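Structure record follows, encoded as structure tokens.
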Amino acid sequence: MPIIIDKLNYVYSPGTAYEKHALKDINLVINDGEFIGLIGHTGSGKSTLTQHLNGLMKATGGTIYYNGQDIYDKDFSMKWLRSKVGLVFQYPEHQLFETTVYKDVCFGPKNLGLDQLEIDVRTYEAIKLVGLSDDLLDASPFEMSGGQKRRVAIAGVLAMKPEVLILDEPTAGLDPKGRDEILDQIAKLHKESNLTIILVSHSMEDVAKYADRLIVMNKGSVAFNDTPHGVFAYYKELEAMGLAAPQVTYVMNELKLKGLPVNTTANTVEEA
Ligand code: ADP
């Protein structure tokens, strides 16, 4: 069932000098199995929105329906929601703390109270899904490269068997090779599973290549919600939102590679 976000609002520190209306009347539908790129300049509201999707933050207005249920109903289990909507934070490797990869990946399933066989199966499967060899299960995460550590952290979320995987800036701080590897792995994961993926980024470049649909946030609102091709027709507006100019050529090339027409004159709202 799709996730329905209905007139969602969030205000930080209401009634104080620090009051900030971070989400303004967000209406969105996220369908099962979609690969969504959630983009926007720093401070546009991406993290605030994703933290609502798995119940870490509670809206000050509006609601979200998951599996047809209002997540703010008193009978709705937030613990269940958190197991279904996996959130991989920025720099997730900072949250690794166990002495072996195995212990780190199985931490979540263990807390679900599953039996040992199920815990082991999930751990092996998750490690495979992120493209790591199971030889590494006994290794210390602290001896691994930045990209490998990040995969271990993602495996820890996948071991919970979520239906939706949200990755907040999964390429932050990685070199270009590490960045391509992790994005390719995420794309492979999407192809091989029926996971819904929400890839959060401030970079057009990272998301345009993989996402079926782009949701562009600007100042707490949804500015665009369309295919990469549809959104990119508004590239002048995207540039004005701080989605950097050098990315224009890149995205144009990606569209050409996908065989989509590129209309270089479609640069205003009226024309597009
Ligand atoms: P993004 O993930 O797109 O960078 P955020 O969701 O983190 O954006 O932030 C949205 C807005 O809310 C920004 O203006 C930010 O400064 C503000 N904000 C984020 N966290 C807090 C907080 N804890 N207290 C007050 N304002 C916050």
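By convention in this document, the chains of the structure tokens carry letters A, B, ... by their order, each chain's residues are numbered from 1, and ligands are numbered from 1 in the order they are shown.
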Practice task
Among the residues of range 27-207 of chain A, find those DSSP assigns to strand (DSSP E) from the backbone and print them as number ranges by chain.
Solution key: A: 27-30, 35-39, 61-66, 69-70, 85-88, 164-168, 196-201
Exercise for the section: List the neighbours of Arg122 in chain A out to 8 Å using only C-alpha atoms; skip same-chain residues closer than 4 positions along the sequence, and give me the result as a list in words. Expected result: Cys106, Pro109, Glu118, Ala126, Ala159, Met160 and Lys161 of chain A
Practice task
May I have the residues within 9 Å of ligand 1, computed using only C-alpha atoms and all ligand atoms, as JSON, numbers by chain?
Solution key: {"A": [10, 11, 12, 13, 18, 19, 20, 21, 22, 23, 39, 40, 41, 42, 43, 44, 45, 46, 47, 48, 49, 50, 51, 168, 200, 201, 202, 217, 218, 219, 220]}
Practice task
Would you mind listing what lies within 12 Å of Phe76 in chain A as an NGL selection string, with only C-alpha atoms counted and same-chain residues fewer than 4 positions away left out?
Solution key: :A and (55 or 64-72 or 80-82)
Selected residues, N, CA and C atoms, written as a short mmCIF file (atom, residue, chain, number, x, y, z; two decimals), in the first residue's frame, please.
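again_29.cif, written as the output of this step:
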data_model
loop_
_atom_site.label_atom_id
_atom_site.label_comp_id
_atom_site.auth_asym_id
_atom_site.auth_seq_id
_atom_site.Cartn_x
_atom_site.Cartn_y
_atom_site.Cartn_z
N GLY A 55 8.56 7.81 12.08
CA GLY A 55 8.01 8.08 13.41
C GLY A 55 9.00 8.65 14.41
N ILE A 64 0.34 11.03 8.40
CA ILE A 64 0.90 10.09 7.42
C ILE A 64 0.10 8.79 7.56
N TYR A 65 -0.25 8.20 6.43
CA TYR A 65 -0.91 6.89 6.45
C TYR A 65 0.10 5.84 5.97
N TYR A 66 0.32 4.84 6.80
CA TYR A 66 1.19 3.73 6.41
C TYR A 66 0.36 2.47 6.45
N ASN A 67 0.38 1.71 5.37
CA ASN A 67 -0.43 0.50 5.31
C ASN A 67 -1.91 0.82 5.57
N GLY A 68 -2.34 1.98 5.13
CA GLY A 68 -3.73 2.39 5.29
C GLY A 68 -4.08 2.90 6.68
N GLN A 69 -3.09 2.94 7.59
CA GLN A 69 -3.40 3.36 8.97
C GLN A 69 -2.76 4.71 9.26
N ASP A 70 -3.48 5.53 9.98
CA ASP A 70 -2.96 6.83 10.42
C ASP A 70 -1.92 6.55 11.50
N ILE A 71 -0.66 6.95 11.24
CA ILE A 71 0.41 6.58 12.19
C ILE A 71 0.27 7.29 13.53
N TYR A 72 -0.58 8.33 13.59
CA TYR A 72 -0.76 9.03 14.87
C TYR A 72 -1.99 8.54 15.64
N TRP A 80 6.66 -0.89 15.39
CA TRP A 80 6.45 -1.66 14.17
C TRP A 80 6.83 -0.80 12.95
N LEU A 81 6.39 0.48 12.97
CA LEU A 81 6.70 1.38 11.85
C LEU A 81 8.22 1.48 11.65
N ARG A 82 8.94 1.61 12.79
CA ARG A 82 10.40 1.75 12.68
C ARG A 82 11.06 0.51 12.11
#
Problem - Asn111 in chain A environment, 12 Å, only C-alpha atoms, sequence neighbours closer than 6 positions dropped, as an MDAnalysis selection string - result: chainID A and resid 79 83 103:105 119 156 159:160
Could you write those residues out with C-alpha atoms, as a PDB file, in the first residue's frame?
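Everything below was put into part_34.pdb:
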ATOM      1  CA  LYS A  79       7.957   0.356  17.034  1.00  0.00           C
ATOM      2  CA  SER A  83      11.017  -1.866  11.704  1.00  0.00           C
ATOM      3  CA  LYS A 103      27.547  -8.351  15.970  1.00  0.00           C
ATOM      4  CA  ASP A 104      26.828  -4.951  14.481  1.00  0.00           C
ATOM      5  CA  VAL A 105      24.552  -6.246  11.714  1.00  0.00           C
ATOM      6  CA  ILE A 119      19.084 -13.756  13.220  1.00  0.00           C
ATOM      7  CA  GLY A 156      22.315  -3.399   9.929  1.00  0.00           C
ATOM      8  CA  ALA A 159      18.662  -6.996   8.577  1.00  0.00           C
ATOM      9  CA  MET A 160      15.464  -5.567  10.073  1.00  0.00           C
TER      10      MET A 160
END
With a cut-off of 9 Å, could you pull out the residues of range 90-169 of chain A touching range 186-194 of chain A and give me the nearest pair of atoms for each, distance in Å to one decimal, using only C-alpha atoms, ordered by chain and ascending number, as JSON lines?
{"residue": "A:Leu129", "atom": "CA", "partner": "A:Leu189", "partner_atom": "CA", "distance": 6.3}
{"residue": "A:Val130", "atom": "CA", "partner": "A:Leu189", "partner_atom": "CA", "distance": 7.4}
{"residue": "A:Glu163", "atom": "CA", "partner": "A:Asn194", "partner_atom": "CA", "distance": 7.7}
Would you mind exporting the chosen residues as a tab-separated table (two decimals), in the first residue's frame, restricted to C-alpha atoms?
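Everything below was put into out-v9.tsv:
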chain	number	residue	atom	x	y	z
A	129	LEU	CA	22.66	-7.36	-0.19
A	130	VAL	CA	25.22	-4.63	0.45
A	163	GLU	CA	9.72	-2.40	3.36
Practice task
Quick one: everything within 10 Å of Gly62 in chain A, counting only C-alpha atoms, minus sequence neighbours fewer than 3 positions away in the same chain. Send it as a list of chain:residue names.
Solution key: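 So the residues in contact are A:Ile5, A:Asp6, A:Lys7, A:Leu8, A:Asn9, A:Tyr10, A:Lys24, A:Asp25, A:Ile26, A:Asn27, A:Lys58, A:Ala59, A:Tyr72.
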Problem - Selection: 9 Å around Leu137 in chain A, only C-alpha atoms, excl. self and same-chain fewer than 5 positions, as a PyMOL selection string - result: chain A and resi 100-103+105+123-124+127
Export N, CA and C atoms of the chosen residues as an mmCIF file, in the first residue's frame?
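Output file out-v3.cif is given in full below:
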data_model
loop_
_atom_site.group_PDB
_atom_site.id
_atom_site.type_symbol
_atom_site.label_atom_id
_atom_site.label_comp_id
_atom_site.auth_asym_id
_atom_site.auth_seq_id
_atom_site.Cartn_x
_atom_site.Cartn_y
_atom_site.Cartn_z
ATOM 1 N N THR A 100 32.657 -6.829 16.067
ATOM 2 C CA THR A 100 32.698 -7.507 14.763
ATOM 3 C C THR A 100 31.524 -7.035 13.897
ATOM 4 N N VAL A 101 31.706 -7.246 12.591
ATOM 5 C CA VAL A 101 30.656 -6.910 11.628
ATOM 6 C C VAL A 101 29.391 -7.707 11.957
ATOM 7 N N TYR A 102 29.573 -8.990 12.262
ATOM 8 C CA TYR A 102 28.427 -9.840 12.576
ATOM 9 C C TYR A 102 27.591 -9.223 13.704
ATOM 10 N N LYS A 103 28.278 -8.869 14.804
ATOM 11 C CA LYS A 103 27.547 -8.351 15.970
ATOM 12 C C LYS A 103 26.829 -7.040 15.637
ATOM 13 N N VAL A 105 25.683 -6.054 12.634
ATOM 14 C CA VAL A 105 24.552 -6.246 11.714
ATOM 15 C C VAL A 105 23.379 -6.933 12.419
ATOM 16 N N THR A 123 21.348 -11.815 8.970
ATOM 17 C CA THR A 123 22.659 -11.172 8.964
ATOM 18 C C THR A 123 23.418 -11.514 7.679
ATOM 19 N N TYR A 124 23.424 -12.809 7.315
ATOM 20 C CA TYR A 124 24.094 -13.222 6.077
ATOM 21 C C TYR A 124 23.444 -12.554 4.864
ATOM 22 N N ILE A 127 24.338 -8.810 4.607
ATOM 23 C CA ILE A 127 25.727 -8.584 4.199
ATOM 24 C C ILE A 127 25.872 -8.774 2.686
#
Practice task
Show which residues sit within 12 Å of Asp175 in chain A, as a list in words. Count only C-alpha atoms, and ignore same-chain residues fewer than 4 positions away.
Solution key: Ser145, Gly146, Gly147, Pro170, Thr171, Arg179, Asp180, Glu181 and Ile182 of chain A
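Computed from the coordinates, the CA of Asp184 in chain A to CA of Tyr210 in chain A distance equals 8.6 Å.
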